[in-house]
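Peer 1: What follows is structure-v9.pdb; its format and atoms are PDB, C-alpha atoms, pLDDT in the B column.
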```
ATOM      1  CA  MET A   1      98.470 107.862  60.016  1.00 41.00           C
ATOM      2  CA  LYS A   2      99.432 105.584  62.888  1.00 59.00           C
ATOM      3  CA  ASP A   3      97.649 105.928  66.200  1.00 77.00           C
ATOM      4  CA  ILE A   4      99.620 106.320  69.432  1.00 81.00           C
ATOM      5  CA  LEU A   5      99.048 102.758  70.628  1.00 85.00           C
ATOM      6  CA  THR A   6     100.309 101.274  67.363  1.00 88.00           C
ATOM      7  CA  GLU A   7     103.494 103.323  67.586  1.00 89.00           C
ATOM      8  CA  ILE A   8     104.073 102.285  71.193  1.00 91.00           C
ATOM      9  CA  VAL A   9     103.609  98.588  70.391  1.00 94.00           C
ATOM     10  CA  GLU A  10     105.938  98.741  67.391  1.00 94.00           C
ATOM     11  CA  ASN A  11     108.593 100.392  69.524  1.00 94.00           C
ATOM     12  CA  LYS A  12     107.990  97.860  72.296  1.00 96.00           C
ATOM     13  CA  LYS A  13     108.926  95.003  69.983  1.00 97.00           C
ATOM     14  CA  ILE A  14     112.336  96.619  69.465  1.00 97.00           C
ATOM     15  CA  ILE A  15     112.805  97.205  73.207  1.00 97.00           C
ATOM     16  CA  VAL A  16     111.957  93.588  74.049  1.00 98.00           C
ATOM     17  CA  ASP A  17     114.279  92.203  71.369  1.00 97.00           C
ATOM     18  CA  GLU A  18     117.130  94.280  72.792  1.00 97.00           C
ATOM     19  CA  ALA A  19     116.339  93.191  76.349  1.00 97.00           C
ATOM     20  CA  LYS A  20     116.495  89.537  75.321  1.00 98.00           C
ATOM     21  CA  LYS A  21     120.028  90.044  74.030  1.00 97.00           C
ATOM     22  CA  ILE A  22     121.163  91.660  77.275  1.00 97.00           C
ATOM     23  CA  LEU A  23     119.444  89.210  79.628  1.00 98.00           C
ATOM     24  CA  PRO A  24     118.210  85.992  77.987  1.00 98.00           C
ATOM     25  CA  LEU A  25     114.957  84.447  79.190  1.00 98.00           C
ATOM     26  CA  ASP A  26     116.678  81.326  80.560  1.00 97.00           C
ATOM     27  CA  GLU A  27     118.758  83.514  82.870  1.00 98.00           C
ATOM     28  CA  ILE A  28     115.657  85.318  84.110  1.00 98.00           C
ATOM     29  CA  LYS A  29     113.903  82.027  84.839  1.00 97.00           C
ATOM     30  CA  ASN A  30     116.842  80.942  86.982  1.00 97.00           C
ATOM     31  CA  LYS A  31     116.735  84.143  89.034  1.00 97.00           C
ATOM     32  CA  ILE A  32     113.060  84.660  89.818  1.00 97.00           C
ATOM     33  CA  GLU A  33     111.046  83.597  92.824  1.00 97.00           C
ATOM     34  CA  CYS A  34     107.262  83.259  92.716  1.00 97.00           C
ATOM     35  CA  GLY A  35     105.118  86.022  94.118  1.00 98.00           C
ATOM     36  CA  HIS A  36     102.248  85.696  96.574  1.00 97.00           C
ATOM     37  CA  PHE A  37      99.274  87.259  94.758  1.00 97.00           C
ATOM     38  CA  ARG A  38      99.538  90.402  96.870  1.00 97.00           C
ATOM     39  CA  MET A  39      97.135  92.365  94.668  1.00 97.00           C
ATOM     40  CA  SER A  40      94.433  89.786  95.348  1.00 96.00           C
ATOM     41  CA  GLN A  41      95.168  89.789  99.049  1.00 94.00           C
ATOM     42  CA  ASN A  42      95.095  93.570  99.342  1.00 94.00           C
ATOM     43  CA  VAL A  43      92.383  94.666  96.934  1.00 93.00           C
ATOM     44  CA  LYS A  44      89.838  91.941  97.661  1.00 90.00           C
ATOM     45  CA  LYS A  45      89.688  92.699 101.367  1.00 91.00           C
ATOM     46  CA  ASN A  46      88.746  96.338 100.740  1.00 93.00           C
ATOM     47  CA  SER A  47      85.414  97.706  99.566  1.00 93.00           C
ATOM     48  CA  TRP A  48      87.232 100.474  97.689  1.00 97.00           C
ATOM     49  CA  SER A  49      90.763 100.570  96.295  1.00 98.00           C
ATOM     50  CA  LEU A  50      92.827 103.390  94.873  1.00 98.00           C
ATOM     51  CA  ILE A  51      95.609 102.187  92.588  1.00 98.00           C
ATOM     52  CA  ALA A  52      97.795 105.288  92.398  1.00 98.00           C
ATOM     53  CA  GLU A  53     100.008 105.655  89.364  1.00 96.00           C
ATOM     54  CA  CYS A  54     103.509 107.111  89.400  1.00 94.00           C
ATOM     55  CA  LYS A  55     103.206 108.825  86.031  1.00 88.00           C
ATOM     56  CA  LEU A  56     105.573 111.576  84.943  1.00 85.00           C
ATOM     57  CA  GLN A  57     104.654 111.912  81.280  1.00 73.00           C
ATOM     58  CA  SER A  58     101.932 111.173  78.745  1.00 73.00           C
ATOM     59  CA  PRO A  59     102.477 110.608  74.993  1.00 69.00           C
ATOM     60  CA  ALA A  60      99.504 112.890  74.320  1.00 70.00           C
ATOM     61  CA  LYS A  61     100.114 115.652  76.899  1.00 77.00           C
ATOM     62  CA  GLY A  62     103.857 115.595  77.466  1.00 71.00           C
ATOM     63  CA  ARG A  63     105.413 116.127  80.887  1.00 78.00           C
ATOM     64  CA  LEU A  64     102.821 115.950  83.665  1.00 73.00           C
ATOM     65  CA  ASN A  65     104.956 116.421  86.766  1.00 78.00           C
ATOM     66  CA  LYS A  66     108.363 118.100  87.120  1.00 78.00           C
ATOM     67  CA  THR A  67     108.421 118.484  90.890  1.00 79.00           C
ATOM     68  CA  HIS A  68     108.494 114.876  92.075  1.00 91.00           C
ATOM     69  CA  SER A  69     110.413 111.717  91.235  1.00 92.00           C
ATOM     70  CA  VAL A  70     108.664 108.383  90.763  1.00 95.00           C
ATOM     71  CA  LEU A  71     109.844 107.277  94.205  1.00 96.00           C
ATOM     72  CA  GLU A  72     108.639 110.500  95.847  1.00 96.00           C
ATOM     73  CA  LEU A  73     105.189 110.037  94.315  1.00 97.00           C
ATOM     74  CA  ALA A  74     105.134 106.421  95.483  1.00 97.00           C
ATOM     75  CA  LYS A  75     105.854 107.437  99.069  1.00 98.00           C
ATOM     76  CA  ILE A  76     103.143 110.108  99.032  1.00 97.00           C
ATOM     77  CA  TYR A  77     100.613 107.615  97.701  1.00 98.00           C
ATOM     78  CA  GLU A  78     101.495 104.925 100.229  1.00 98.00           C
ATOM     79  CA  ASP A  79     101.311 107.392 103.119  1.00 98.00           C
ATOM     80  CA  ASN A  80      97.906 108.738 102.096  1.00 98.00           C
ATOM     81  CA  GLY A  81      95.724 105.707 101.555  1.00 97.00           C
ATOM     82  CA  ALA A  82      96.534 104.107  98.190  1.00 98.00           C
ATOM     83  CA  LYS A  83      95.969 100.363  98.379  1.00 97.00           C
ATOM     84  CA  MET A  84      98.351  99.692  95.506  1.00 98.00           C
ATOM     85  CA  LEU A  85     100.712 101.447  93.119  1.00 98.00           C
ATOM     86  CA  SER A  86     101.044 101.408  89.361  1.00 98.00           C
ATOM     87  CA  VAL A  87     104.574 102.101  88.148  1.00 97.00           C
ATOM     88  CA  HIS A  88     105.327 102.695  84.468  1.00 95.00           C
ATOM     89  CA  THR A  89     108.310 101.024  82.835  1.00 96.00           C
ATOM     90  CA  ASP A  90     107.621 102.274  79.296  1.00 93.00           C
ATOM     91  CA  PRO A  91     109.817 105.149  78.025  1.00 90.00           C
ATOM     92  CA  HIS A  92     106.839 106.925  76.411  1.00 85.00           C
ATOM     93  CA  PHE A  93     105.763 107.712  79.986  1.00 88.00           C
ATOM     94  CA  LEU A  94     109.316 108.360  81.260  1.00 89.00           C
ATOM     95  CA  GLY A  95     109.088 104.968  82.933  1.00 89.00           C
ATOM     96  CA  SER A  96     111.991 102.613  83.496  1.00 94.00           C
ATOM     97  CA  ASN A  97     112.860  99.304  85.124  1.00 97.00           C
ATOM     98  CA  GLU A  98     115.321 101.210  87.310  1.00 96.00           C
ATOM     99  CA  ASP A  99     112.557 103.406  88.763  1.00 95.00           C
ATOM    100  CA  PHE A 100     110.444 100.331  89.388  1.00 98.00           C
ATOM    101  CA  LYS A 101     113.300  98.730  91.346  1.00 97.00           C
ATOM    102  CA  LYS A 102     113.734 101.852  93.490  1.00 97.00           C
ATOM    103  CA  VAL A 103     110.056 101.865  94.363  1.00 98.00           C
ATOM    104  CA  ARG A 104     110.006  98.152  95.086  1.00 98.00           C
ATOM    105  CA  GLU A 105     112.893  98.508  97.523  1.00 97.00           C
ATOM    106  CA  GLN A 106     111.136 101.144  99.650  1.00 97.00           C
ATOM    107  CA  ILE A 107     107.393 100.597  99.264  1.00 98.00           C
ATOM    108  CA  LYS A 108     105.441  97.921 101.119  1.00 97.00           C
ATOM    109  CA  ILE A 109     102.073  97.972  99.340  1.00 98.00           C
ATOM    110  CA  PRO A 110     101.604  95.879  96.151  1.00 98.00           C
ATOM    111  CA  ILE A 111     102.907  97.247  92.851  1.00 98.00           C
ATOM    112  CA  LEU A 112     101.515  96.770  89.364  1.00 98.00           C
ATOM    113  CA  ARG A 113     104.011  96.934  86.528  1.00 98.00           C
ATOM    114  CA  LYS A 114     102.424  99.254  83.966  1.00 97.00           C
ATOM    115  CA  ASP A 115     103.653  98.460  80.484  1.00 97.00           C
ATOM    116  CA  PHE A 116     102.546  97.225  77.077  1.00 97.00           C
ATOM    117  CA  ILE A 117     103.067  93.490  77.401  1.00 98.00           C
ATOM    118  CA  ILE A 118     103.275  91.722  74.056  1.00 98.00           C
ATOM    119  CA  ASP A 119     105.789  88.953  74.795  1.00 98.00           C
ATOM    120  CA  GLU A 120     106.010  86.329  77.546  1.00 98.00           C
ATOM    121  CA  TYR A 121     109.555  87.555  78.174  1.00 98.00           C
ATOM    122  CA  GLN A 122     108.073  90.701  79.748  1.00 98.00           C
ATOM    123  CA  ILE A 123     106.005  88.637  82.179  1.00 98.00           C
ATOM    124  CA  TYR A 124     109.051  86.802  83.490  1.00 98.00           C
ATOM    125  CA  GLU A 125     110.898  90.126  83.531  1.00 98.00           C
ATOM    126  CA  SER A 126     108.074  91.616  85.603  1.00 98.00           C
ATOM    127  CA  ARG A 127     108.506  88.966  88.244  1.00 98.00           C
ATOM    128  CA  LEU A 128     112.274  89.521  88.200  1.00 98.00           C
ATOM    129  CA  LEU A 129     111.441  93.137  89.088  1.00 98.00           C
ATOM    130  CA  GLU A 130     109.305  91.714  91.920  1.00 98.00           C
ATOM    131  CA  ALA A 131     106.077  93.054  90.468  1.00 98.00           C
ATOM    132  CA  ASP A 132     102.951  91.877  92.258  1.00 98.00           C
ATOM    133  CA  ALA A 133     100.795  92.288  89.165  1.00 98.00           C
ATOM    134  CA  ILE A 134     100.945  93.119  85.479  1.00 98.00           C
ATOM    135  CA  LEU A 135      98.662  94.901  83.032  1.00 98.00           C
ATOM    136  CA  LEU A 136      97.370  92.947  80.037  1.00 98.00           C
ATOM    137  CA  ILE A 137      95.716  95.085  77.368  1.00 97.00           C
ATOM    138  CA  VAL A 138      93.069  93.180  75.413  1.00 97.00           C
ATOM    139  CA  ARG A 139      93.401  95.481  72.392  1.00 94.00           C
ATOM    140  CA  ILE A 140      96.999  94.449  71.653  1.00 96.00           C
ATOM    141  CA  LEU A 141      96.648  90.699  72.282  1.00 97.00           C
ATOM    142  CA  THR A 142      94.728  87.877  70.654  1.00 97.00           C
ATOM    143  CA  ALA A 143      92.167  86.106  72.847  1.00 97.00           C
ATOM    144  CA  GLU A 144      94.396  83.025  72.909  1.00 98.00           C
ATOM    145  CA  THR A 145      97.487  85.019  73.885  1.00 98.00           C
ATOM    146  CA  LEU A 146      95.563  86.919  76.565  1.00 98.00           C
ATOM    147  CA  LYS A 147      94.543  83.693  78.269  1.00 98.00           C
ATOM    148  CA  LYS A 148      98.042  82.249  77.914  1.00 98.00           C
ATOM    149  CA  PHE A 149      99.612  85.355  79.473  1.00 98.00           C
ATOM    150  CA  LEU A 150      97.062  85.371  82.297  1.00 98.00           C
ATOM    151  CA  TYR A 151      97.893  81.789  83.240  1.00 98.00           C
ATOM    152  CA  LEU A 152     101.613  82.502  82.985  1.00 98.00           C
ATOM    153  CA  ALA A 153     101.277  85.437  85.369  1.00 98.00           C
ATOM    154  CA  TRP A 154      99.380  83.245  87.808  1.00 98.00           C
ATOM    155  CA  SER A 155     102.018  80.523  87.552  1.00 98.00           C
ATOM    156  CA  LEU A 156     104.557  83.096  88.745  1.00 98.00           C
ATOM    157  CA  GLY A 157     102.423  84.235  91.685  1.00 98.00           C
ATOM    158  CA  MET A 158     101.361  87.506  90.051  1.00 98.00           C
ATOM    159  CA  ASP A 159      97.901  88.910  89.505  1.00 98.00           C
ATOM    160  CA  ALA A 160      96.852  90.490  86.222  1.00 98.00           C
ATOM    161  CA  LEU A 161      94.653  93.500  85.531  1.00 98.00           C
ATOM    162  CA  ILE A 162      92.946  92.888  82.191  1.00 98.00           C
ATOM    163  CA  GLU A 163      92.332  96.198  80.446  1.00 98.00           C
ATOM    164  CA  VAL A 164      89.319  96.677  78.187  1.00 97.00           C
ATOM    165  CA  HIS A 165      88.044  99.633  76.246  1.00 94.00           C
ATOM    166  CA  ASP A 166      84.828  98.578  74.518  1.00 95.00           C
ATOM    167  CA  GLU A 167      82.190  95.845  74.449  1.00 96.00           C
ATOM    168  CA  LYS A 168      84.290  93.612  72.219  1.00 97.00           C
ATOM    169  CA  ASP A 169      87.243  93.876  74.588  1.00 97.00           C
ATOM    170  CA  MET A 170      84.947  93.168  77.528  1.00 98.00           C
ATOM    171  CA  GLU A 171      83.587  90.051  75.862  1.00 98.00           C
ATOM    172  CA  THR A 172      87.142  88.792  75.305  1.00 98.00           C
ATOM    173  CA  ALA A 173      88.140  89.540  78.906  1.00 98.00           C
ATOM    174  CA  LEU A 174      85.067  87.768  80.278  1.00 98.00           C
ATOM    175  CA  SER A 175      85.937  84.665  78.254  1.00 97.00           C
ATOM    176  CA  THR A 176      88.931  84.274  80.579  1.00 98.00           C
ATOM    177  CA  PRO A 177      88.842  83.538  84.335  1.00 98.00           C
ATOM    178  CA  ALA A 178      90.440  86.934  85.060  1.00 98.00           C
ATOM    179  CA  GLU A 179      89.646  88.283  88.530  1.00 97.00           C
ATOM    180  CA  PHE A 180      90.497  91.922  87.803  1.00 98.00           C
ATOM    181  CA  ILE A 181      89.131  93.887  84.863  1.00 98.00           C
ATOM    182  CA  GLY A 182      90.141  97.479  84.235  1.00 98.00           C
ATOM    183  CA  ILE A 183      87.857  99.628  82.114  1.00 98.00           C
ATOM    184  CA  ASN A 184      90.036 102.101  80.259  1.00 95.00           C
ATOM    185  CA  ASN A 185      88.448 105.501  79.829  1.00 94.00           C
ATOM    186  CA  ARG A 186      91.123 106.497  77.342  1.00 83.00           C
ATOM    187  CA  ASN A 187      90.624 106.419  73.590  1.00 76.00           C
ATOM    188  CA  LEU A 188      93.529 104.212  72.547  1.00 69.00           C
ATOM    189  CA  LYS A 189      93.967 105.986  69.217  1.00 69.00           C
ATOM    190  CA  ASN A 190      94.215 109.599  70.344  1.00 65.00           C
ATOM    191  CA  PHE A 191      94.470 109.172  74.151  1.00 69.00           C
ATOM    192  CA  THR A 192      91.527 111.453  75.019  1.00 79.00           C
ATOM    193  CA  THR A 193      89.527 110.385  78.109  1.00 85.00           C
ATOM    194  CA  THR A 194      85.982 110.285  79.467  1.00 91.00           C
ATOM    195  CA  THR A 195      84.655 108.370  82.478  1.00 95.00           C
ATOM    196  CA  GLU A 196      81.432 107.842  80.533  1.00 94.00           C
ATOM    197  CA  ASN A 197      83.211 104.883  78.973  1.00 95.00           C
ATOM    198  CA  THR A 198      83.169 103.054  82.310  1.00 97.00           C
ATOM    199  CA  ILE A 199      79.524 103.934  82.986  1.00 97.00           C
ATOM    200  CA  GLU A 200      78.511 102.656  79.546  1.00 96.00           C
ATOM    201  CA  LEU A 201      80.483  99.411  79.824  1.00 97.00           C
ATOM    202  CA  LEU A 202      79.509  98.404  83.361  1.00 97.00           C
ATOM    203  CA  PRO A 203      76.182  96.830  82.236  1.00 97.00           C
ATOM    204  CA  HIS A 204      78.230  94.509  80.004  1.00 97.00           C
ATOM    205  CA  ALA A 205      80.596  93.512  82.814  1.00 97.00           C
ATOM    206  CA  ASP A 206      80.465  90.665  85.312  1.00 97.00           C
ATOM    207  CA  MET A 207      79.847  92.366  88.650  1.00 95.00           C
ATOM    208  CA  ASN A 208      81.297  89.338  90.453  1.00 96.00           C
ATOM    209  CA  ARG A 209      84.727  90.326  89.189  1.00 97.00           C
ATOM    210  CA  ILE A 210      86.806  93.171  90.616  1.00 97.00           C
ATOM    211  CA  LEU A 211      86.143  96.161  88.346  1.00 98.00           C
ATOM    212  CA  ILE A 212      88.596  99.036  88.185  1.00 98.00           C
ATOM    213  CA  SER A 213      87.987 102.275  86.272  1.00 98.00           C
ATOM    214  CA  GLU A 214      91.158 103.668  84.697  1.00 97.00           C
ATOM    215  CA  SER A 215      92.121 107.149  83.464  1.00 92.00           C
ATOM    216  CA  GLY A 216      90.275 110.434  83.089  1.00 93.00           C
ATOM    217  CA  ILE A 217      89.446 110.664  86.801  1.00 96.00           C
ATOM    218  CA  PHE A 218      90.066 114.178  88.118  1.00 96.00           C
ATOM    219  CA  THR A 219      87.535 115.015  90.831  1.00 96.00           C
ATOM    220  CA  VAL A 220      86.014 113.499  93.957  1.00 97.00           C
ATOM    221  CA  GLU A 221      82.699 113.683  92.104  1.00 97.00           C
ATOM    222  CA  ASP A 222      84.168 111.419  89.418  1.00 97.00           C
ATOM    223  CA  VAL A 223      85.308 109.001  92.115  1.00 97.00           C
ATOM    224  CA  GLN A 224      81.965 108.893  93.932  1.00 97.00           C
ATOM    225  CA  ARG A 225      80.052 108.420  90.703  1.00 97.00           C
ATOM    226  CA  LEU A 226      82.229 105.480  89.680  1.00 98.00           C
ATOM    227  CA  LYS A 227      81.922 103.893  93.114  1.00 97.00           C
ATOM    228  CA  ASN A 228      78.153 104.365  93.165  1.00 97.00           C
ATOM    229  CA  SER A 229      77.927 102.845  89.678  1.00 97.00           C
ATOM    230  CA  GLY A 230      79.502  99.598  90.886  1.00 97.00           C
ATOM    231  CA  CYS A 231      83.262  99.986  90.467  1.00 98.00           C
ATOM    232  CA  ASP A 232      85.474  98.416  93.127  1.00 97.00           C
ATOM    233  CA  GLY A 233      88.306 100.859  92.614  1.00 98.00           C
ATOM    234  CA  ILE A 234      90.129 103.257  90.339  1.00 98.00           C
ATOM    235  CA  LEU A 235      93.549 103.540  88.753  1.00 98.00           C
ATOM    236  CA  VAL A 236      94.607 107.191  88.592  1.00 97.00           C
ATOM    237  CA  GLY A 237      97.752 108.841  87.265  1.00 94.00           C
ATOM    238  CA  GLU A 238      97.314 112.325  85.820  1.00 92.00           C
ATOM    239  CA  GLY A 239      94.496 113.200  88.228  1.00 94.00           C
ATOM    240  CA  LEU A 240      96.967 112.780  91.095  1.00 96.00           C
ATOM    241  CA  VAL A 241     100.320 113.913  89.719  1.00 93.00           C
ATOM    242  CA  ARG A 242      98.903 117.214  88.438  1.00 92.00           C
ATOM    243  CA  ALA A 243      96.964 117.963  91.604  1.00 93.00           C
ATOM    244  CA  GLU A 244      97.835 121.115  93.521  1.00 94.00           C
ATOM    245  CA  ASN A 245      98.148 119.036  96.690  1.00 97.00           C
ATOM    246  CA  ILE A 246      98.987 115.429  95.805  1.00 97.00           C
ATOM    247  CA  SER A 247      98.708 114.171  99.374  1.00 97.00           C
ATOM    248  CA  GLU A 248      95.200 115.578  99.847  1.00 98.00           C
ATOM    249  CA  GLN A 249      94.054 114.404  96.440  1.00 98.00           C
ATOM    250  CA  THR A 250      95.306 110.912  97.223  1.00 98.00           C
ATOM    251  CA  LYS A 251      93.315 110.872 100.466  1.00 98.00           C
ATOM    252  CA  ASN A 252      90.252 112.177  98.633  1.00 98.00           C
ATOM    253  CA  PHE A 253      90.432 109.537  95.893  1.00 98.00           C
ATOM    254  CA  ALA A 254      91.117 106.799  98.427  1.00 98.00           C
ATOM    255  CA  LEU A 255      87.875 107.955 100.118  1.00 95.00           C
ATOM    256  CA  LYS A 256      89.617 108.223 103.456  1.00 83.00           C
TER     257      LYS A 256
END
```
Step by step, read the file and then write its structure as structure tokens.
Peer 2:
Amino acid sequence: MKDILTEIVENKKIIVDEAKKILPLDEIKNKIECGHFRMSQNVKKNSWSLIAECKLQSPAKGRLNKTHSVLELAKIYEDNGAKMLSVHTDPHFLGSNEDFKKVREQIKIPILRKDFIIDEYQIYESRLLEADAILLIVRILTAETLKKFLYLAWSLGMDALIEVHDEKDMETALSTPAEFIGINNRNLKNFTTTTENTIELLPHADMNRILISESGIFTVEDVQRLKNSGCDGILVGEGLVRAENISEQTKNFALK
């Protein structure tokens, strides 16, 4: 039986191949302008950063929010203390490039393109969308490809959040000069979550890097514990979009 991540990656290969036919890489390269490392500029100057995710759906839990659009969530987050946004462009999460463009047009804070990047085409495409940063998941890349993709992102003026799940992933991430490491609290096979994963992996991390805990964060107690344990920030989707009062929850998680 295939796990969820494997299915997503297999489907992603098809999506990327189709995208290349519609807009060839050479055309993208001629259209893009380099970014200005806005994630670095924004996150590094703050002692705590909330990266708020515009997430409408989860492959494991289905629809998470039916009351707000991606753009509406983005505006709420920006107005209530998020230092950065994460916007999905993968269809498994009801994400799209079109939604990303809408958010980019109206939001001033930096935006991370949240997707499953397996091909350099997607990195150039991310910059065409005017993404300030991309997510690189260690589990779906070789160590060599991870480093290559990191340098490519930097060459285009984008930051990269390197996502790890276990000690092996962490070791691979630390073998690169990555500035931002995200510790994923989600089991990548069945998508269950526990913040204990971050707590257990922090002793294996380099505390001189910017460490972000991702997923499974639902309470202010979770947030305070992660901050007190040494995290520099959190990336939260479900814990915000399913909140009774998204504005208040955003302020709470931003520790405003």
Peer 1: Could you give me, as a list in words, the residues that have an atom at most 12 Å away from the point (94.9, 87.0, 72.4) in the coordinates of the file, using only C-alpha atoms?
Peer 2: Ile117, Ile118, Asp119, Leu136, Ile137, Val138, Arg139, Ile140, Leu141, Thr142, Ala143, Glu144, Thr145, Leu146, Lys147, Lys148, Phe149, Leu150, Ile162, Asp169, Thr172, Ala173, Ser175 and Thr176 of chain A
Peer 1: Could you tell me, as an mmCIF file with C-alpha atoms, in the coordinates of the input, which residues have any atom at most 10 Å from (107.3, 97.2, 88.9), counting all atoms listed in the file?
Peer 2:
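The new file selection_10.cif reads:
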```cif
data_model
loop_
_atom_site.group_PDB
_atom_site.id
_atom_site.type_symbol
_atom_site.label_atom_id
_atom_site.label_comp_id
_atom_site.auth_asym_id
_atom_site.auth_seq_id
_atom_site.Cartn_x
_atom_site.Cartn_y
_atom_site.Cartn_z
ATOM 1 C CA LEU A 85 100.712 101.447 93.119
ATOM 2 C CA SER A 86 101.044 101.408 89.361
ATOM 3 C CA VAL A 87 104.574 102.101 88.148
ATOM 4 C CA HIS A 88 105.327 102.695 84.468
ATOM 5 C CA THR A 89 108.310 101.024 82.835
ATOM 6 C CA GLY A 95 109.088 104.968 82.933
ATOM 7 C CA SER A 96 111.991 102.613 83.496
ATOM 8 C CA ASN A 97 112.860 99.304 85.124
ATOM 9 C CA GLU A 98 115.321 101.210 87.310
ATOM 10 C CA ASP A 99 112.557 103.406 88.763
ATOM 11 C CA PHE A 100 110.444 100.331 89.388
ATOM 12 C CA LYS A 101 113.300 98.730 91.346
ATOM 13 C CA LYS A 102 113.734 101.852 93.490
ATOM 14 C CA VAL A 103 110.056 101.865 94.363
ATOM 15 C CA ARG A 104 110.006 98.152 95.086
ATOM 16 C CA PRO A 110 101.604 95.879 96.151
ATOM 17 C CA ILE A 111 102.907 97.247 92.851
ATOM 18 C CA LEU A 112 101.515 96.770 89.364
ATOM 19 C CA ARG A 113 104.011 96.934 86.528
ATOM 20 C CA LYS A 114 102.424 99.254 83.966
ATOM 21 C CA ASP A 115 103.653 98.460 80.484
ATOM 22 C CA GLU A 125 110.898 90.126 83.531
ATOM 23 C CA SER A 126 108.074 91.616 85.603
ATOM 24 C CA ARG A 127 108.506 88.966 88.244
ATOM 25 C CA LEU A 128 112.274 89.521 88.200
ATOM 26 C CA LEU A 129 111.441 93.137 89.088
ATOM 27 C CA GLU A 130 109.305 91.714 91.920
ATOM 28 C CA ALA A 131 106.077 93.054 90.468
ATOM 29 C CA ASP A 132 102.951 91.877 92.258
ATOM 30 C CA ALA A 133 100.795 92.288 89.165
ATOM 31 C CA ILE A 134 100.945 93.119 85.479
#
```
Peer 1: For Val70 in chain A, which residue out of A:Lys55, A:Lys83, A:His92, A:His36 is the nearest one, using only C-alpha atoms?
Peer 2: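 Comparing A:Lys55, A:Lys83, A:His92, A:His36 against Val70 in chain A, the winner is A:Lys55.
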Peer 1: Starting from the displayed file, determine the output of the PyMOL selection byres ((chain A and resi 66) around 10) and express the residue list as a list in words.
Peer 2: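 Applying the expression gives Leu56, Gln57, Arg63, Leu64, Asn65, Thr67, His68, Ser69, Val241 and Arg242 of chain A.
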Peer 1: Quick one: of A:Lys251, A:Glu238, A:Asn185, A:Ile210, who's nearest to Ser47 in chain A, counting only C-alpha atoms?
Peer 2: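 So, comparing all the options, the nearest one is A:Ile210.
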Peer 1: Taking all atoms listed in the file into account, name the residue in A:Tyr121, A:Leu156, A:Lys61, A:Arg209 that is nearest to Glu18 in chain A.
Peer 2: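 Selected residue with least distance to Glu18 in chain A: A:Tyr121.
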Peer 1: Would you please work out which residue, of A:Thr198, A:Ser49, A:Ser155, A:Thr219, is nearest to Asn252 in chain A when using only C-alpha atoms?
Peer 2: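 Looking at the shortest contact to Asn252 in chain A, the residue is A:Thr219.
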Peer 1: I'd like the contact shell of Gly216 in chain A - 12 Å cut-off, all atoms listed in the file, skipping same-chain residues fewer than 4 positions apart - returned as a list in words.
Peer 2: Ile183, Asn184, Asn185, Arg186, Asn187, Phe191, Thr192, Thr193, Thr194, Thr195, Glu196, Asn197, Thr198, Asp222, Val223, Leu226, Ile234, Leu235, Val236, Gly237, Glu238, Gly239 and Leu240 of chain A
Peer 1: Restricting the calculation to all atoms listed in the file: of A:Ala254, A:Cys54, A:Ala205, A:Ile32, which residue gets closest to Val220 in chain A?
Peer 2: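 Of all the options, A:Ala254 lies closest to Val220 in chain A.
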Peer 1: In Å to one decimal, how far is CA of Ser213 in chain A from CA of Asp166 in chain A?
Peer 2: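 Between CA of Asp166 in chain A and CA of Ser213 in chain A the gap is 12.7 Å.
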Peer 1: So the first atom is CA of Leu152 in chain A and the second is CA of Pro177 in chain A; what is the distance between them in Å, to one decimal place?
Peer 2: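 Between these atoms lies a distance of 12.9 Å.
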Peer 1: Between A:Ala243, A:Met39, A:Gln122, A:Glu7, single out the one closest to Leu73 in chain A, counting all atoms listed in the file.
Peer 2: A:Ala243
Peer 1: Just give me the gap between CA of Phe93 in chain A and CA of Ala60 in chain A in Å, one decimal is fine.
Peer 2: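 Atom-to-atom, CA of Phe93 in chain A to CA of Ala60 in chain A, that is 9.9 Å.
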